[in-house]
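Following: one structure in structure tokens, then a few remarks.
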Amino acid sequence: MGDDWPAIEAALREGRATPFARWAAAVEHGTQCELGRPLPGPISRPRDWGSRRHRRASWAVRRSWLCARALALEQSGITSQELAVVVGSGTGDVETHREVAARLGRTSGSRRVSRPSSPVSWPHRPREPGHGPRDERPVLRRRGGLAGGAYNLLLAAQLVEGGHIDAALAGGVDVADIHFHAGFDAMRAYTTRDNDRPDRASRPYAADRAGFVFSEGAGVLVLEPAPGPRPGAPRSWGHFAASGCPRTLGDMVAPCSEGAELAMRRALAHAGVSPGDVDYVNTHATSTSVGDVSEVRAMRRVFGERLVAYSSTKGYTGHPVSAAGPSRRSSPWPCSAAAS
């Protein structure tokens with residue numbers, strides 16, 4: 001779709017086909033769904049990284065760092081060192097786990113395992129390798145499954161609004177891995193009908209929808225206190241007005257509509273607006289047969305007889321898991337954000 005918002009926006013407005021394709025790893029292991037959308041590589045070394053630092057960084061770290069540093073920070077013009085980092089991942093760095101397993105298999109001891117492998121591979125650690133004592137900025141990680149990125153935005157907004165931090169980088173990143181893919185494939189959450197027609201595989205709300213397509217991605221936003229950006233800084237993309245979380249979610253692939261309804265009602269109440277003030281809802285809809293219907297039922301109860309425009313960008317992007325929330329900048333399920 002692109003590595004910057006203008007390119008992504010242009011692709012969405014033009015209805016440009018998303019390059020889903022058969023994923024070699026899925027084909028090799030015989031999964032029911034052979035489709036995926038890994039990001040192209042390799043990723044060039046950041047200009048202020050040494051070769052060793054770049055070599056140690058995982059694919060997820062490189063992607064999130066590119067997204068945060070080269071795109072979000074450059075657009076915002078922020079130079080403050082008081083930024084908090086609130087970024088997480090659902091899959092973690094599985095490539096490091098595979099590397100450790102391979103090295104242990106070649107030796108009876110653990111001396112061949114690299115020293116930073118444990119902290120680097122933790123699922124909550126998609127950030128650049130630390131600088132040691134000089135790196136004193138707050139770093140928080142909140143795992144929230146498929147809504148992890150949305151939860152990170154919520155937490156960062158609360159910290160900024162409460163005056164605990166000056167500003168924050170918030171979002172999520174996830175990378176393609178066959179172990180992660182195989183689990184959802186076994187749950188039949190992925191489409192299993194479209195291996196021979198990847199161009200139409202991800203289709204939220206379609207009558208013949210059959211599941212989602214996993215995709216790699218990273219989404220990071222810079223959050224600053226209201227009322228707006230600093231003098232001379234680029235314009236802001238929007239205002240984070242409110243959020244809402246439910247008490248119950250239901251099953252991961254068969255969510256209950258009551259949870260989505262409660263999240264939306266809480267977000268509206270937090271923002272001090274009525275359902276009649278809402279013009280559009282960017283939905284979570286993943287193309288699963290049960291999940292999409294559940295979300296529509298929740299919206300009908302919230303908005304009543306009034307017809308509100310809604311859609312899911314996953315028809316274009318696939319499901320980038322923790323990157324989904326910050327990439328679409330609002331989410332009624334399972335964590336709602338009212339934004340303008």
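All residue names refer to the structure tokens as shown: chains lettered A, B, ... in order, residues numbered from 1 in each chain, ligands numbered from 1 in order.
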
Report as JSON lines: every residue of stretch 184-274 of chain A with an atom at most 8 Å from stretch 155-165 of chain A, its closest pair of atoms, and their distance in Å to one decimal, counting only C-alpha atoms, with rows sorted by chain and ascending residue number.
```
{"residue": "A:Leu223", "atom": "CA", "partner": "A:Ala157", "partner_atom": "CA", "distance": 6.7}
{"residue": "A:Glu224", "atom": "CA", "partner": "A:Val160", "partner_atom": "CA", "distance": 6.6}
{"residue": "A:Pro225", "atom": "CA", "partner": "A:Val160", "partner_atom": "CA", "distance": 6.1}
{"residue": "A:Phe240", "atom": "CA", "partner": "A:Ala157", "partner_atom": "CA", "distance": 7.6}
```

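The list of residues with at least one atom within 9 Å of stretch 179-192 of chain A, based on only C-alpha atoms and without residues fewer than 6 positions apart in the same chain, reads Ala26, His29, Thr31, Gln32, Cys33, Glu34, Leu35, Gly36, Thr91, Val94, Ala201, Ser202, Arg209, Ala210, Gly211, Phe212, Val213, Phe214, Val253, Ser287 and Thr288 of chain A.
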
Exercise. Fewer than 5 positions away in the same chain doesn't count, so skip those; otherwise give me all residues within 9 Å of A:Val302, counting only C-alpha atoms, as a list of chain:residue names.
Key: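 The residues satisfying every condition are A:Glu261, A:Leu262, A:Met264, A:Arg265, A:Pro275, A:Arg297.
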
For the residues in that selection, give me N, CA and C atoms as a short mmCIF file (atom, residue, chain, number, x, y, z; two decimals), in the first residue's frame.
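Everything below was put into part_0.cif:
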```
data_model
loop_
_atom_site.label_atom_id
_atom_site.label_comp_id
_atom_site.auth_asym_id
_atom_site.auth_seq_id
_atom_site.Cartn_x
_atom_site.Cartn_y
_atom_site.Cartn_z
N GLU A 261 -20.83 -3.11 21.34
CA GLU A 261 -21.82 -2.07 21.64
C GLU A 261 -21.38 -1.26 22.86
N LEU A 262 -20.94 -1.93 23.90
CA LEU A 262 -20.52 -1.23 25.12
C LEU A 262 -19.32 -0.35 24.85
N MET A 264 -18.48 1.15 22.06
CA MET A 264 -18.90 2.33 21.32
C MET A 264 -19.68 3.30 22.21
N ARG A 265 -20.56 2.79 23.02
CA ARG A 265 -21.35 3.66 23.90
C ARG A 265 -20.44 4.39 24.89
N PRO A 275 -24.91 9.52 19.35
CA PRO A 275 -24.78 8.72 18.13
C PRO A 275 -25.13 9.49 16.87
N ARG A 297 -24.59 -5.84 14.16
CA ARG A 297 -25.68 -5.86 15.16
C ARG A 297 -25.43 -4.83 16.25
#
```

Quiz item: Between atom CA of A:Asp166 and atom CA of A:Leu153, what is the distance, to one decimal in Å?
Solution: 14.7 Å

Exercise. Might you pull out every residue within 6 Å of A:Ala323, with only C-alpha atoms counted and same-chain residues fewer than 6 positions away left off, and present them as a list in words?
Key: Gly149, Gly172, Val173, Gly217, Ala218 and Gly219 of chain A

Store the residues picked out above, limited to N, CA and C atoms, as a compact mmCIF listing (two decimals), in the first residue's frame.
```
# COMPACT_ATOMS: atom_id res chain seq x y z
N GLY A 149 -2.63 -2.58 19.07
CA GLY A 149 -2.27 -1.23 18.67
C GLY A 149 -3.27 -0.19 19.13
N GLY A 172 1.57 -0.22 16.85
CA GLY A 172 1.86 -1.65 16.88
C GLY A 172 2.52 -2.10 15.60
N VAL A 173 3.12 -3.28 15.67
CA VAL A 173 3.77 -3.88 14.50
C VAL A 173 3.65 -5.39 14.60
N GLY A 217 2.69 -5.45 8.87
CA GLY A 217 2.51 -4.02 8.85
C GLY A 217 2.97 -3.37 10.14
N ALA A 218 3.11 -2.06 10.08
CA ALA A 218 3.44 -1.26 11.26
C ALA A 218 2.65 0.03 11.18
N GLY A 219 2.14 0.46 12.33
CA GLY A 219 1.41 1.72 12.40
C GLY A 219 1.78 2.45 13.68
```

Quiz item: Which residue out of A:Ala269, A:Leu66, A:Leu73, A:Ala84 has the minimum interatomic distance to A:Ala170 when only C-alpha atoms are used?
Solution: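 Of A:Ala269, A:Leu66, A:Leu73, A:Ala84, the one nearest A:Ala170 is A:Ala84, counting only C-alpha atoms.
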
Practice problem: as JSON, numbers by chain, please: all residues of stretch 130-297 of chain A that backbone DSSP puts in helix (DSSP H, G or I). | Solution: {"A": [132, 133, 134, 145, 146, 147, 148, 149, 150, 151, 152, 153, 154, 155, 156, 157, 158, 159, 160, 161, 178, 179, 180, 181, 182, 183, 184, 185, 186, 198, 199, 200, 257, 258, 259, 260, 261, 262, 263, 264, 265, 266, 267, 268, 269, 270, 271, 275, 276, 277, 291, 292, 293, 294, 295, 296, 297]}

Serialized selection, C-alpha atoms, as an mmCIF file, in the first residue's frame:
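Output saved as again21.cif:
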```cif
data_model
loop_
_atom_site.group_PDB
_atom_site.id
_atom_site.type_symbol
_atom_site.label_atom_id
_atom_site.label_comp_id
_atom_site.auth_asym_id
_atom_site.auth_seq_id
_atom_site.Cartn_x
_atom_site.Cartn_y
_atom_site.Cartn_z
ATOM 1 C CA GLY A 132 21.980 1.754 27.948
ATOM 2 C CA PRO A 133 21.857 4.349 30.752
ATOM 3 C CA ARG A 134 21.428 7.232 28.314
ATOM 4 C CA GLY A 145 -4.197 -9.408 20.927
ATOM 5 C CA LEU A 146 -5.676 -8.286 17.632
ATOM 6 C CA ALA A 147 -6.463 -4.874 19.133
ATOM 7 C CA GLY A 148 -3.051 -4.326 20.720
ATOM 8 C CA GLY A 149 -2.269 -1.226 18.666
ATOM 9 C CA ALA A 150 -5.606 0.373 19.579
ATOM 10 C CA TYR A 151 -5.003 -0.289 23.277
ATOM 11 C CA ASN A 152 -1.556 1.309 22.970
ATOM 12 C CA LEU A 153 -3.137 4.465 21.524
ATOM 13 C CA LEU A 154 -5.595 4.539 24.410
ATOM 14 C CA LEU A 155 -2.860 4.175 27.039
ATOM 15 C CA ALA A 156 -0.633 6.784 25.389
ATOM 16 C CA ALA A 157 -3.521 9.259 25.108
ATOM 17 C CA GLN A 158 -4.301 8.868 28.803
ATOM 18 C CA LEU A 159 -0.656 9.456 29.753
ATOM 19 C CA VAL A 160 -0.418 12.588 27.600
ATOM 20 C CA GLU A 161 -3.785 13.942 28.736
ATOM 21 C CA ILE A 178 4.427 -19.560 9.847
ATOM 22 C CA HIS A 179 3.883 -20.532 13.521
ATOM 23 C CA PHE A 180 1.442 -17.661 14.020
ATOM 24 C CA HIS A 181 -0.165 -18.387 10.644
ATOM 25 C CA ALA A 182 -0.656 -22.087 11.376
ATOM 26 C CA GLY A 183 -2.527 -21.394 14.619
ATOM 27 C CA PHE A 184 -5.136 -19.138 13.028
ATOM 28 C CA ASP A 185 -5.301 -21.498 10.054
ATOM 29 C CA ALA A 186 -6.242 -24.341 12.406
ATOM 30 C CA PRO A 198 -5.847 -13.786 -3.987
ATOM 31 C CA ASP A 199 -7.021 -10.485 -5.498
ATOM 32 C CA ARG A 200 -10.443 -10.905 -3.868
ATOM 33 C CA SER A 257 -22.000 -7.946 19.840
ATOM 34 C CA GLU A 258 -22.608 -6.731 23.410
ATOM 35 C CA GLY A 259 -18.887 -6.063 23.874
ATOM 36 C CA ALA A 260 -18.634 -3.932 20.735
ATOM 37 C CA GLU A 261 -21.817 -2.073 21.643
ATOM 38 C CA LEU A 262 -20.523 -1.234 25.118
ATOM 39 C CA ALA A 263 -17.178 -0.046 23.732
ATOM 40 C CA MET A 264 -18.898 2.332 21.320
ATOM 41 C CA ARG A 265 -21.345 3.663 23.900
ATOM 42 C CA ARG A 266 -18.526 4.333 26.353
ATOM 43 C CA ALA A 267 -16.481 6.139 23.709
ATOM 44 C CA LEU A 268 -19.444 8.345 22.789
ATOM 45 C CA ALA A 269 -20.179 9.118 26.436
ATOM 46 C CA HIS A 270 -16.511 9.892 27.102
ATOM 47 C CA ALA A 271 -16.438 12.287 24.143
ATOM 48 C CA PRO A 275 -24.783 8.715 18.133
ATOM 49 C CA GLY A 276 -26.402 11.266 15.834
ATOM 50 C CA ASP A 277 -23.115 13.194 15.660
ATOM 51 C CA GLY A 291 -17.517 -11.495 13.447
ATOM 52 C CA ASP A 292 -18.772 -9.089 10.782
ATOM 53 C CA VAL A 293 -22.421 -9.792 11.607
ATOM 54 C CA SER A 294 -21.790 -9.330 15.324
ATOM 55 C CA GLU A 295 -20.292 -5.903 14.743
ATOM 56 C CA VAL A 296 -23.173 -4.780 12.507
ATOM 57 C CA ARG A 297 -25.681 -5.858 15.156
#
```

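Computed from the coordinates, the atom CA of A:Gly238 to atom CA of A:Val222 distance equals 10.9 Å.
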
Quiz prompt | Straight-line distance linking atom CA of A:Ala176 with atom CA of A:Pro38, stated in Å to one decimal | solution =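 Computing it gives 6.0 Å between the two atoms.
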
Exercise. Mind checking which residues fall within 12 Å of stretch 1-11 of chain A, counting only C-alpha atoms, ignoring those fewer than 2 positions away in the same chain, and posting them as a ChimeraX atom specification?
Key: /A:13-20,37-40,43,63-64,66-68,70-72,74-75,215-221,237,313-318,327-329
